[in-house]
>>> print(open('work_8.txt').read())   # compact mmCIF, C-alpha atoms
# COMPACT_ATOMS: atom_id res chain seq x y z
CA MET S 1 -21.87 -14.93 -44.36
CA THR S 2 -25.39 -14.85 -42.99
CA ASP S 3 -26.97 -12.95 -45.88
CA GLY S 4 -28.78 -10.92 -43.27
CA ARG S 5 -30.98 -13.91 -42.45
CA HIS S 6 -29.79 -17.39 -41.59
CA ILE S 7 -26.45 -19.14 -41.90
CA PRO S 8 -25.90 -21.55 -44.79
CA GLN S 9 -25.56 -25.15 -43.77
CA GLU S 10 -21.97 -25.55 -44.97
CA ASP S 11 -20.92 -22.52 -42.98
CA LEU S 12 -22.57 -24.01 -39.91
CA ALA S 13 -20.63 -27.20 -40.57
CA PHE S 14 -17.38 -25.26 -40.85
CA TYR S 15 -18.24 -23.48 -37.64
CA ALA S 16 -18.97 -26.78 -35.90
CA MET S 17 -15.60 -28.05 -37.15
CA GLY S 18 -13.80 -24.94 -35.88
CA ALA S 19 -12.56 -24.35 -39.42
CA LEU S 20 -13.42 -20.67 -39.68
CA THR S 21 -11.14 -17.72 -39.12
CA PRO S 22 -11.54 -16.07 -35.70
CA GLU S 23 -13.39 -13.17 -37.29
CA GLU S 24 -15.79 -15.44 -39.15
CA ALA S 25 -16.32 -17.54 -36.03
CA ALA S 26 -17.10 -14.46 -33.95
CA GLU S 27 -19.66 -13.28 -36.49
CA MET S 28 -21.17 -16.73 -36.60
CA ARG S 29 -21.36 -17.05 -32.83
CA ALA S 30 -23.08 -13.70 -32.52
CA HIS S 31 -25.76 -14.84 -34.96
CA VAL S 32 -26.15 -18.32 -33.47
CA ASP S 33 -26.51 -16.93 -29.97
CA ALA S 34 -29.41 -14.82 -31.15
CA CYS S 35 -31.05 -17.25 -33.59
CA ALA S 36 -32.76 -20.35 -32.30
CA LEU S 37 -33.20 -21.78 -35.80
CA CYS S 38 -29.51 -21.61 -36.62
CA ARG S 39 -28.69 -22.88 -33.14
CA GLY S 40 -30.76 -25.96 -33.86
CA GLU S 41 -29.17 -26.39 -37.29
CA LEU S 42 -25.74 -26.09 -35.69
CA ALA S 43 -26.57 -28.81 -33.18
CA ALA S 44 -27.81 -30.99 -36.03
CA ALA S 45 -24.60 -30.43 -37.98
CA ALA S 46 -22.55 -31.22 -34.89
CA GLY S 47 -24.55 -34.42 -34.45
CA ASP S 48 -23.83 -35.43 -38.05
CA LEU S 49 -20.15 -34.75 -37.54
CA ALA S 50 -20.15 -36.75 -34.30
CA LEU S 51 -21.30 -39.80 -36.21
CA MET S 52 -18.68 -39.13 -38.82
CA ALA S 53 -16.07 -39.03 -36.07
CA MET S 54 -17.37 -42.28 -34.66
CA SER S 55 -17.18 -43.93 -38.06
CA VAL S 56 -13.38 -44.01 -37.98
CA GLU S 57 -11.61 -47.32 -37.97
CA GLN S 58 -11.58 -48.58 -34.41
CA HIS S 59 -8.31 -49.13 -32.54
CA ALA S 60 -7.63 -50.51 -29.10
CA VAL S 61 -6.33 -48.00 -26.57
CA PRO S 62 -2.58 -48.28 -25.89
CA GLU S 63 -1.50 -50.74 -23.25
CA GLY S 64 -1.55 -49.21 -19.79
CA ALA S 65 -3.77 -46.27 -20.81
CA ARG S 66 -6.52 -47.43 -18.47
CA GLN S 67 -4.14 -47.76 -15.52
CA ARG S 68 -2.65 -44.36 -16.25
CA PHE S 69 -6.09 -42.82 -16.25
CA GLN S 70 -7.06 -44.59 -13.03
CA ALA S 71 -3.87 -43.41 -11.38
CA ARG S 72 -4.56 -39.86 -12.47
CA ILE S 73 -8.08 -39.69 -11.13
CA ALA S 74 -7.00 -41.48 -7.96
CA GLU S 75 -4.32 -38.89 -7.45
CA ASP S 76 -6.84 -36.16 -8.13
CA ALA S 77 -9.26 -37.66 -5.67
CA GLY S 78 -6.48 -38.06 -3.12
CA VAL S 79 -7.19 -41.73 -2.79
CA ALA S 80 -5.06 -44.63 -3.86
CA ALA S 81 -6.20 -46.15 -7.11
CA GLU S 82 -8.09 -49.32 -6.85
CA SER S 83 -6.29 -52.33 -8.06
CA GLU S 84 -6.75 -53.40 -11.63
CA SER S 85 -8.28 -56.69 -10.66
CA SER S 86 -10.84 -55.22 -8.32
CA THR S 87 -12.33 -53.05 -11.06
CA ARG S 88 -12.00 -55.48 -13.89
CA VAL S 89 -13.71 -58.37 -12.10
CA PRO S 90 -17.02 -57.50 -10.47
CA ALA S 91 -17.54 -59.01 -7.06
CA GLN S 92 -19.75 -62.04 -7.23
CA VAL S 93 -21.00 -64.59 -4.76
CA ILE S 94 -20.69 -67.99 -6.32
CA SER S 95 -22.36 -70.95 -4.74
CA MET S 96 -20.17 -73.98 -4.53
CA GLU S 97 -23.20 -76.05 -5.37
CA ALA S 98 -23.61 -74.17 -8.61
CA LEU S 99 -20.15 -75.06 -9.78
CA PRO S 100 -20.08 -77.80 -12.42
CA ARG S 101 -18.81 -81.12 -11.24
CA GLY S 102 -17.00 -83.95 -12.94
CA ARG S 103 -13.96 -83.93 -15.15
CA ALA S 104 -14.66 -80.50 -16.57
CA ALA S 105 -15.28 -78.90 -13.17
CA TRP S 106 -12.68 -76.72 -11.44
CA PRO S 107 -10.93 -78.65 -8.68
CA MET S 108 -11.93 -77.66 -5.17
CA TRP S 109 -8.40 -76.49 -4.42
CA VAL S 110 -8.78 -73.75 -7.04
CA ALA S 111 -11.75 -72.31 -5.16
CA TRP S 112 -9.97 -72.50 -1.82
CA GLY S 113 -6.90 -71.00 -3.45
CA ALA S 114 -8.97 -68.10 -4.65
CA VAL S 115 -10.41 -67.64 -1.18
CA ALA S 116 -6.91 -67.68 0.29
CA ALA S 117 -5.76 -65.16 -2.28
CA LEU S 118 -8.65 -62.87 -1.39
CA VAL S 119 -7.82 -63.19 2.31
CA VAL S 120 -4.21 -62.26 1.57
CA LEU S 121 -5.36 -59.36 -0.59
CA ALA S 122 -7.71 -58.14 2.13
CA ALA S 123 -4.93 -58.36 4.71
CA GLY S 124 -2.63 -56.43 2.43
CA LEU S 125 -5.21 -53.72 1.92
CA GLU S 126 -5.77 -53.52 5.67
CA LEU S 127 -2.05 -53.03 6.24
CA ARG S 128 -1.98 -50.39 3.55
CA VAL S 129 -4.90 -48.56 5.14
CA ARG S 130 -3.19 -48.63 8.53
CA SER S 131 0.05 -47.38 7.03
CA LEU S 132 -1.73 -44.49 5.33
CA ASP S 133 -3.56 -43.72 8.56
CA ARG S 134 -0.25 -43.55 10.42
CA GLN S 135 1.20 -41.28 7.77
CA LEU S 136 -1.85 -39.03 8.01
CA GLN S 137 -1.50 -38.78 11.79
CA GLN S 138 2.20 -37.94 11.47
CA GLN S 139 1.49 -35.28 8.89
CA THR S 140 -1.29 -33.82 11.03
CA ALA S 141 1.01 -33.65 14.05
CA LEU S 142 3.72 -32.00 11.96
CA VAL S 143 1.28 -29.40 10.71
CA GLU S 144 0.18 -28.66 14.26
CA VAL S 145 3.78 -28.18 15.37
CA GLN S 146 4.47 -25.86 12.46
CA GLN S 147 1.31 -23.89 13.15
CA ALA S 148 2.34 -23.44 16.78
CA ALA S 149 5.82 -22.30 15.70
CA ASN S 150 4.33 -19.84 13.25
CA ALA S 151 2.01 -18.44 15.90
CA ARG S 152 4.93 -18.00 18.28
CA ALA S 153 7.03 -16.26 15.63
CA GLN S 154 4.12 -13.97 14.91
CA MET S 155 3.85 -13.05 18.58
CA VAL S 156 7.57 -12.26 18.74
CA MET S 157 7.27 -10.01 15.70
CA GLU S 158 4.30 -8.19 17.19
CA LEU S 159 6.15 -7.69 20.47
CA LEU S 160 9.25 -6.32 18.80
CA SER S 161 7.29 -3.89 16.64
CA ALA S 162 4.71 -2.82 19.22
CA PRO S 163 5.16 0.93 19.91
CA ASN S 164 3.56 0.69 23.33
CA ALA S 165 5.64 -2.23 24.63
CA GLN S 166 7.83 -1.60 27.64
CA HIS S 167 11.58 -2.03 27.06
CA VAL S 168 13.48 -2.69 30.26
CA LEU S 169 17.20 -3.39 30.58
CA LEU S 170 18.19 -5.47 33.54
CA THR S 171 21.74 -5.26 34.90
CA ALA S 172 23.63 -6.32 37.98
CA ALA S 173 22.61 -4.23 40.94
CA LYS S 174 24.82 -1.32 41.90
CA SER S 175 27.16 -1.81 38.98
CA LYS S 176 27.77 0.47 36.10
CA PRO S 177 26.02 -0.91 33.06
CA ALA S 178 28.48 -2.10 30.43
CA PRO S 179 28.37 -0.75 26.89
CA MET S 180 26.68 -3.16 24.54
CA ALA S 181 25.31 -3.26 21.03
CA LYS S 182 23.29 -5.58 18.92
CA ALA S 183 23.70 -5.88 15.15
CA ILE S 184 21.17 -7.46 12.81
CA TYR S 185 22.58 -8.25 9.39
CA MET S 186 21.24 -9.87 6.22
CA ARG S 187 23.98 -10.13 3.61
CA SER S 188 21.65 -11.23 0.81
CA LYS S 189 20.06 -7.79 0.96
CA GLY S 190 22.98 -5.79 2.29
CA ALA S 191 20.73 -4.81 5.20
CA LEU S 192 22.21 -3.87 8.59
CA LEU S 193 20.79 -2.53 11.86
CA LEU S 194 22.74 -1.63 15.00
CA GLN S 195 21.38 -0.68 18.39
CA ALA S 196 23.81 0.29 21.09
CA SER S 197 23.35 1.30 24.70
CA ASN S 198 25.34 2.44 27.70
CA LEU S 199 27.93 4.00 25.45
CA GLU S 200 30.44 6.41 26.92
CA PRO S 201 29.96 9.97 25.71
CA LEU S 202 32.60 11.16 23.24
CA PRO S 203 34.23 14.54 22.69
CA GLY S 204 33.05 16.50 19.68
CA ASP S 205 35.99 15.52 17.47
CA LYS S 206 35.42 11.78 18.00
CA THR S 207 32.82 9.32 16.74
CA TYR S 208 31.96 5.68 17.07
CA GLU S 209 32.35 3.68 13.85
CA LEU S 210 30.94 0.25 13.03
CA TRP S 211 33.04 -2.22 11.07
CA VAL S 212 32.05 -5.37 9.27
CA ILE S 213 34.86 -7.92 9.35
CA PRO S 214 34.30 -10.10 6.26
CA MET S 215 35.34 -13.71 5.86
CA LYS S 216 37.93 -12.54 3.36
CA GLY S 217 39.57 -9.16 3.07
CA ALA S 218 39.99 -6.07 5.20
CA PRO S 219 37.37 -4.66 7.62
CA MET S 220 34.72 -2.56 5.93
CA ALA S 221 33.45 0.68 7.42
CA ALA S 222 29.69 0.39 7.86
CA GLY S 223 28.80 3.74 9.37
CA MET S 224 29.40 6.23 12.16
CA PHE S 225 27.18 7.08 15.10
CA LYS S 226 27.14 9.06 18.35
CA PRO S 227 25.24 8.21 21.51
CA ASP S 228 22.56 10.41 22.98
CA ALA S 229 22.62 11.72 26.52
CA ALA S 230 21.44 8.35 27.84
CA GLY S 231 24.23 6.52 26.02
CA ASN S 232 21.97 5.01 23.36
CA ALA S 233 22.68 5.04 19.63
CA SER S 234 21.49 3.35 16.51
CA LEU S 235 22.62 2.85 12.94
CA VAL S 236 19.88 2.03 10.49
CA MET S 237 20.43 0.55 7.04
CA PRO S 238 23.84 2.05 6.24
CA ASP S 239 24.99 1.83 2.63
CA MET S 240 26.36 -1.72 2.39
CA PRO S 241 27.23 -3.83 -0.64
CA ILE S 242 25.10 -6.94 -1.13
CA GLY S 243 26.49 -10.39 -0.46
CA VAL S 244 29.35 -9.67 1.96
CA GLU S 245 29.66 -12.65 4.28
CA ALA S 246 30.45 -11.30 7.74
CA LYS S 247 32.74 -13.07 10.18
CA ALA S 248 32.33 -10.49 12.95
CA PHE S 249 31.34 -6.95 13.75
CA GLY S 250 33.31 -4.38 15.71
CA VAL S 251 32.97 -0.81 16.95
CA THR S 252 35.91 1.56 17.31
CA ILE S 253 36.36 5.19 18.29
CA GLU S 254 37.58 7.29 15.40
CA LYS S 255 38.14 10.89 14.54
CA ALA S 256 35.04 12.77 13.42
CA GLY S 257 34.58 11.98 9.76
CA GLY S 258 35.58 8.34 10.19
CA ALA S 259 38.58 6.30 9.17
CA SER S 260 39.50 3.97 6.35
CA THR S 261 40.88 1.34 8.73
CA PRO S 262 39.79 0.67 12.31
CA THR S 263 41.80 2.26 15.08
CA MET S 264 42.55 0.05 18.06
CA PRO S 265 41.20 -0.71 20.54
CA ILE S 266 37.94 -2.26 19.47
CA VAL S 267 35.50 -1.15 22.11
CA LEU S 268 32.68 -3.54 21.13
CA ALA S 269 32.98 -6.76 19.15
CA GLY S 270 30.87 -9.74 18.32
CA ALA S 271 31.26 -12.79 16.09
CA ALA S 272 28.56 -13.45 13.49
CA PRO S 273 26.84 -16.78 13.90
CA ALA S 274 27.19 -19.20 11.00
CA GLY S 275 24.36 -19.79 8.56
CA GLY S 276 23.14 -16.25 7.98
CA LEU S 277 21.89 -15.28 4.58
CA MET V 278 -26.90 -42.42 -14.30
CA LEU V 279 -23.21 -43.08 -14.61
CA LEU V 280 -22.18 -39.44 -14.71
CA GLN V 281 -24.14 -38.71 -11.57
CA ARG V 282 -21.91 -41.21 -9.80
CA VAL V 283 -18.89 -39.55 -11.41
CA ALA V 284 -20.13 -36.24 -10.01
CA GLY V 285 -20.04 -37.96 -6.61
CA ARG V 286 -16.33 -38.62 -7.17
CA ASP V 287 -16.91 -42.30 -7.83
CA GLN V 288 -13.68 -43.49 -9.46
CA ARG V 289 -15.19 -46.81 -10.40
CA ALA V 290 -17.95 -45.08 -12.34
CA MET V 291 -15.39 -42.89 -14.11
CA THR V 292 -13.38 -45.96 -15.00
CA GLU V 293 -16.56 -47.45 -16.45
CA VAL V 294 -17.05 -44.34 -18.60
CA PHE V 295 -13.45 -44.70 -19.72
CA ASP V 296 -13.87 -48.40 -20.52
CA ARG V 297 -17.03 -47.72 -22.47
CA HIS V 298 -15.79 -44.85 -24.63
CA SER V 299 -11.98 -44.78 -24.61
CA GLY V 300 -11.67 -47.06 -27.65
CA MET V 301 -13.78 -44.77 -29.77
CA ALA V 302 -12.16 -41.62 -28.35
CA PHE V 303 -8.67 -42.96 -28.97
CA SER V 304 -9.60 -44.04 -32.50
CA VAL V 305 -10.87 -40.55 -33.31
CA ALA V 306 -7.72 -38.98 -31.85
CA LEU V 307 -5.49 -41.38 -33.75
CA ARG V 308 -7.34 -40.68 -36.99
CA VAL V 309 -6.69 -36.95 -36.61
CA LEU V 310 -3.21 -36.95 -35.12
CA GLY V 311 -1.73 -40.16 -36.52
CA ASP V 312 0.50 -40.53 -33.48
CA PRO V 313 -0.57 -43.00 -30.76
CA ALA V 314 1.24 -41.24 -27.92
CA GLN V 315 -0.16 -37.84 -28.79
CA ALA V 316 -3.59 -39.35 -29.36
CA GLU V 317 -3.54 -40.92 -25.93
CA ASP V 318 -2.51 -37.64 -24.33
CA VAL V 319 -5.50 -35.84 -25.82
CA MET V 320 -7.85 -38.68 -24.96
CA GLN V 321 -6.62 -38.81 -21.35
CA GLU V 322 -7.02 -35.06 -21.04
CA VAL V 323 -10.61 -35.10 -22.28
CA PHE V 324 -11.62 -37.93 -19.94
CA PHE V 325 -9.89 -36.15 -17.10
CA GLN V 326 -11.91 -33.04 -17.85
CA VAL V 327 -15.06 -35.15 -17.66
CA TRP V 328 -13.86 -36.45 -14.29
CA GLN V 329 -13.24 -32.95 -13.03
CA ASN V 330 -16.41 -31.48 -14.46
CA PRO V 331 -18.96 -34.17 -15.33
CA LYS V 332 -21.71 -31.55 -15.50
CA SER V 333 -20.12 -30.16 -18.66
CA PHE V 334 -22.01 -32.89 -20.47
CA ALA V 335 -25.79 -32.70 -20.31
CA PRO V 336 -27.99 -35.51 -21.68
CA GLU V 337 -29.85 -33.04 -23.88
CA ARG V 338 -26.59 -32.55 -25.78
CA GLY V 339 -26.84 -35.98 -27.38
CA SER V 340 -25.21 -39.18 -26.30
CA LEU V 341 -22.09 -39.14 -24.17
CA GLY V 342 -20.18 -41.14 -26.77
CA ALA V 343 -21.05 -38.76 -29.61
CA TRP V 344 -20.26 -35.77 -27.46
CA LEU V 345 -16.88 -37.23 -26.47
CA ALA V 346 -16.11 -37.97 -30.11
CA VAL V 347 -16.64 -34.33 -31.03
CA VAL V 348 -14.77 -32.95 -28.03
CA VAL V 349 -11.80 -35.26 -28.68
CA ARG V 350 -11.79 -34.36 -32.35
CA ASN V 351 -11.83 -30.63 -31.54
CA ARG V 352 -9.00 -31.00 -29.02
CA CYS V 353 -6.95 -32.93 -31.56
CA ILE V 354 -7.41 -30.24 -34.17
CA ASP V 355 -6.29 -27.69 -31.59
CA ALA V 356 -3.19 -29.82 -30.93
CA LEU V 357 -2.60 -30.22 -34.66
CA ARG V 358 -2.73 -26.51 -35.23
CA ARG V 359 -0.71 -25.89 -32.06
CA ARG V 360 -3.26 -23.51 -30.70
CA ARG V 361 -4.93 -23.08 -27.40
CA PRO V 362 -8.15 -25.03 -26.88
CA SER V 363 -10.58 -23.14 -29.06
CA ASP V 364 -13.63 -23.87 -27.01
CA SER V 365 -14.66 -25.17 -23.68
CA VAL V 366 -16.19 -28.62 -23.59
CA ASP V 367 -19.34 -26.79 -22.56
CA ASP V 368 -19.59 -25.34 -26.06
CA VAL V 369 -20.18 -28.62 -27.82
CA VAL V 370 -23.88 -29.16 -28.28
CA LEU V 371 -25.27 -31.98 -30.39
CA GLU V 372 -28.77 -32.42 -31.62
CA SER V 373 -30.61 -34.32 -28.92
CA GLY V 374 -32.18 -36.53 -31.55
CA THR V 375 -28.77 -37.95 -32.32
CA ASP V 376 -29.19 -40.58 -29.69
CA VAL V 377 -26.68 -43.23 -30.47
CA ALA V 378 -26.26 -44.50 -26.97
CA ASP V 379 -27.67 -47.81 -27.87
CA GLU V 380 -24.83 -49.99 -29.05
CA VAL V 381 -26.77 -51.77 -31.78
CA GLU V 382 -28.23 -48.57 -33.13
CA ARG V 383 -24.86 -46.90 -32.96
CA SER V 384 -23.19 -49.71 -34.87
CA THR V 385 -25.89 -49.55 -37.51
CA MET V 386 -25.53 -45.80 -37.89
CA ILE V 387 -21.76 -45.96 -38.06
CA GLU V 388 -21.91 -48.62 -40.75
CA ARG V 389 -24.34 -46.43 -42.63
CA VAL V 390 -22.00 -43.45 -42.35
CA ARG V 391 -19.10 -45.53 -43.59
CA GLY V 392 -21.19 -46.65 -46.53
CA VAL V 393 -22.20 -43.10 -47.38
CA LEU V 394 -18.61 -41.85 -47.15
CA LYS V 395 -17.40 -44.70 -49.30
CA GLY V 396 -20.14 -44.09 -51.84
CA MET V 397 -19.79 -40.34 -52.23
CA PRO V 398 -17.61 -38.80 -54.96
CA GLN V 399 -13.96 -38.82 -54.04
CA GLU V 400 -13.61 -35.04 -54.23
CA GLN V 401 -16.48 -34.57 -51.81
CA ARG V 402 -15.14 -37.12 -49.35
CA GLU V 403 -11.61 -35.73 -49.49
CA SER V 404 -12.78 -32.16 -48.93
CA LEU V 405 -14.95 -33.19 -45.99
CA GLU V 406 -12.18 -35.28 -44.46
CA LEU V 407 -9.61 -32.52 -44.88
CA ALA V 408 -11.95 -30.18 -43.02
CA PHE V 409 -13.04 -32.59 -40.34
CA PHE V 410 -10.02 -34.79 -39.72
CA GLY V 411 -7.37 -32.44 -41.05
CA GLY V 412 -8.67 -29.33 -39.37
CA LEU V 413 -8.18 -27.24 -42.50
CA THR V 414 -10.24 -24.15 -43.17
CA HIS V 415 -12.20 -23.92 -46.41
CA ALA V 416 -9.59 -21.46 -47.70
CA GLU V 417 -6.77 -23.89 -46.87
CA ILE V 418 -8.57 -26.74 -48.58
CA ALA V 419 -9.11 -24.60 -51.67
CA LYS V 420 -5.42 -23.76 -51.71
CA GLU V 421 -4.35 -27.36 -51.20
CA LYS V 422 -6.67 -28.67 -53.86
CA GLY V 423 -5.99 -25.76 -56.20
CA GLU V 424 -9.70 -25.14 -56.57
CA PRO V 425 -11.98 -22.14 -56.11
CA LEU V 426 -13.32 -21.51 -52.63
CA GLY V 427 -16.90 -21.80 -53.85
CA THR V 428 -16.23 -25.24 -55.30
CA VAL V 429 -14.82 -26.48 -52.00
CA LYS V 430 -17.81 -25.14 -50.10
CA THR V 431 -20.23 -26.77 -52.51
CA ARG V 432 -18.49 -30.11 -52.25
CA ILE V 433 -18.60 -30.07 -48.51
CA ARG V 434 -22.23 -29.03 -48.53
CA MET V 435 -23.08 -31.92 -50.85
CA ALA V 436 -21.13 -34.32 -48.65
CA LEU V 437 -22.99 -33.12 -45.58
CA ILE V 438 -26.33 -33.46 -47.32
CA SER V 439 -25.46 -37.07 -48.18
CA LEU V 440 -24.54 -37.71 -44.57
CA ARG V 441 -27.72 -36.10 -43.28
CA LYS V 442 -29.81 -38.32 -45.53
CA ALA V 443 -28.05 -41.34 -44.07
CA PHE V 444 -29.04 -40.25 -40.56
CA GLN V 445 -32.69 -39.67 -41.32
CA ARG V 446 -34.59 -42.65 -40.04
>>> encode(input="work_8.txt", output="structure tokens")
Amino acid sequence: MTDGRHIPQEDLAFYAMGALTPEEAAEMRAHVDACALCRGELAAAAGDLALMAMSVEQHAVPEGARQRFQARIAEDAGVAAESESSTRVPAQVISMEALPRGRAAWPMWVAWGAVAALVVLAAGLELRVRSLDRQLQQQTALVEVQQAANARAQMVMELLSAPNAQHVLLTAAKSKPAPMAKAIYMRSKGALLLQASNLEPLPGDKTYELWVIPMKGAPMAAGMFKPDAAGNASLVMPDMPIGVEAKAFGVTIEKAGGASTPTMPIVLAGAAPAGGL
Amino acid sequence: MLLQRVAGRDQRAMTEVFDRHSGMAFSVALRVLGDPAQAEDVMQEVFFQVWQNPKSFAPERGSLGAWLAVVVRNRCIDALRRRRPSDSVDDVVLESGTDVADEVERSTMIERVRGVLKGMPQEQRESLELAFFGGLTHAEIAKEKGEPLGTVKTRIRMALISLRKAFQR
């Protein structure tokens, strides 16, 4: 294409028009980047083509195109678009004395009418500015509230996961602490955690078993566990199907190896709050 | 300069740029695409790019109007061929001597171009227009016209030489 020297003019024109194959264009670009003469010729060709483009029959832009463009840049700038009239008509100070008088002159009421219209327009803009200012303040306050909530949630998470935090259980004085357990369940992921404390020790042929009581259908076995010497036990991420909506959770005492249906009595039970995912 | 105000996020200045050049830009887009709605889309997009990055045009690249005409034309060809934008607006460089900012001079030059196009042999004009406004490659033009590739290239070269003579002042 380049004959080892410079690029022919028609090839430069095709390049300027983007009418070459990608391979040809790449070869051309490599030469142009390195050759000032051809770079200049290319710019000249592009200039010729620009005038050719501008020689097309002229058409008016579609109705509303200007307003659409103004709205777009206003949105981009984050500022309300200026009104059509304010940009179309440049602000001018017109002396009343300079106005022509006589039969051809504008009546005075037209001028005062225009003044009144401007006053109304200015008042409208002022109200708009105040309204936007109020909205901005409300949004700012909302953001601050959300930031505070996020910071608090973050602190809670850090506290729960901190390995060196002190965990203290408070109970009524001089009373035997009651067995209790806490389940954390997310049905959308089939994820389940259980932490139990103050559990009674069980003989070797018995086990505690957790049950998920679904909204519909029979209780589902979710896993077995035994307490340690202090009465604490946990069940972490047992194998659970995804999407089971839980109505309640219960713990029973079963034979070692578990059961297919819960055996009464239920030693621990708790209803699942509504709205979980 | 107007674009310096645009760089300062002056919407009024950008609207002035739009008012000054949108007619020409839209006309170029309409000539290539033939569809007013699509032509406006391309035109709006190019002006919006100028708004977002006014420094993409440098005065040494020719006049703003000529530069916009080429950028719009290139974007339209991309749309016509359903391809991604082939170049950044930064890639369009015009000869600085092609200063057609002045309205009178521009009108004179455009009339001269129209005269040259009208006066050149039909085959030359058609080949040049198929390349420039149709976005066809030289191979595609040769196929469409049923003529050898070399013939098409020669015709376009002759057409460009005629145009260049018209621009020499």
>>> interface_residues(input="work_8.txt", of="chain V", to="chain S", cutoff="8 Å", atoms="only C-alpha atoms", output="number ranges by chain")
V: 286, 288-289, 292, 295-296, 299-301, 303-305, 308, 313, 317, 321, 325, 328, 339, 343-344, 346-347, 350-351, 363, 369-372, 375, 386-388, 390-391, 408-409, 412-415, 430-431, 433-434, 437, 440-441, 444
>>> atom_distance(input="work_8.txt", atom1="atom CA of Cys35 of chain S", atom2="atom CA of Ile7 of chain S")
9.7 Å
>>> residues_around(input="work_8.txt", residues="Lys182 of chain S", least_positions_apart="3", cutoff="8 Å", atoms="all atoms listed in the file", output="list in words")
Leu194, Gln195 and Ala196 of chain S
>>> write_last_selection(input="work_8.txt", atoms="C-alpha atoms", output="PDB file, keeping the file's coordinate frame")
ATOM      1  CA  LEU S 194      22.740  -1.630  15.000  1.00  0.00           C
ATOM      2  CA  GLN S 195      21.380  -0.680  18.390  1.00  0.00           C
ATOM      3  CA  ALA S 196      23.810   0.290  21.090  1.00  0.00           C
TER       4      ALA S 196
END
>>> atom_distance(input="work_8.txt", atom1="atom CA of Ala246 of chain S", atom2="atom CA of Asp205 of chain S")
29.1 Å
>>> atom_distance(input="work_8.txt", atom1="atom CA of Met278 of chain V", atom2="atom CA of Leu345 of chain V")
16.6 Å
>>> residues_around(input="work_8.txt", residues="Arg187 of chain S", least_positions_apart="5", cutoff="9 Å", atoms="only C-alpha atoms", output="PyMOL selection string")
chain S and resi 192+240-246+276-277
>>> decode(input="work_8.txt", residues="segment 252-263 of chain S", atoms="C-alpha atoms", output="mmCIF file, in the first residue's frame")
data_model
loop_
_atom_site.group_PDB
_atom_site.id
_atom_site.type_symbol
_atom_site.label_atom_id
_atom_site.label_comp_id
_atom_site.auth_asym_id
_atom_site.auth_seq_id
_atom_site.Cartn_x
_atom_site.Cartn_y
_atom_site.Cartn_z
ATOM 1 C CA THR S 252 -36.202 -32.651 70.976
ATOM 2 C CA ILE S 253 -34.340 -35.473 72.689
ATOM 3 C CA GLU S 254 -33.994 -38.489 70.448
ATOM 4 C CA LYS S 255 -32.224 -41.787 70.381
ATOM 5 C CA ALA S 256 -28.612 -41.638 69.232
ATOM 6 C CA GLY S 257 -28.689 -41.619 65.459
ATOM 7 C CA GLY S 258 -31.711 -39.329 65.310
ATOM 8 C CA ALA S 259 -35.328 -39.797 64.343
ATOM 9 C CA SER S 260 -37.454 -39.224 61.275
ATOM 10 C CA THR S 261 -40.175 -37.471 63.268
ATOM 11 C CA PRO S 262 -39.769 -35.463 66.473
ATOM 12 C CA THR S 263 -40.410 -37.229 69.743
#
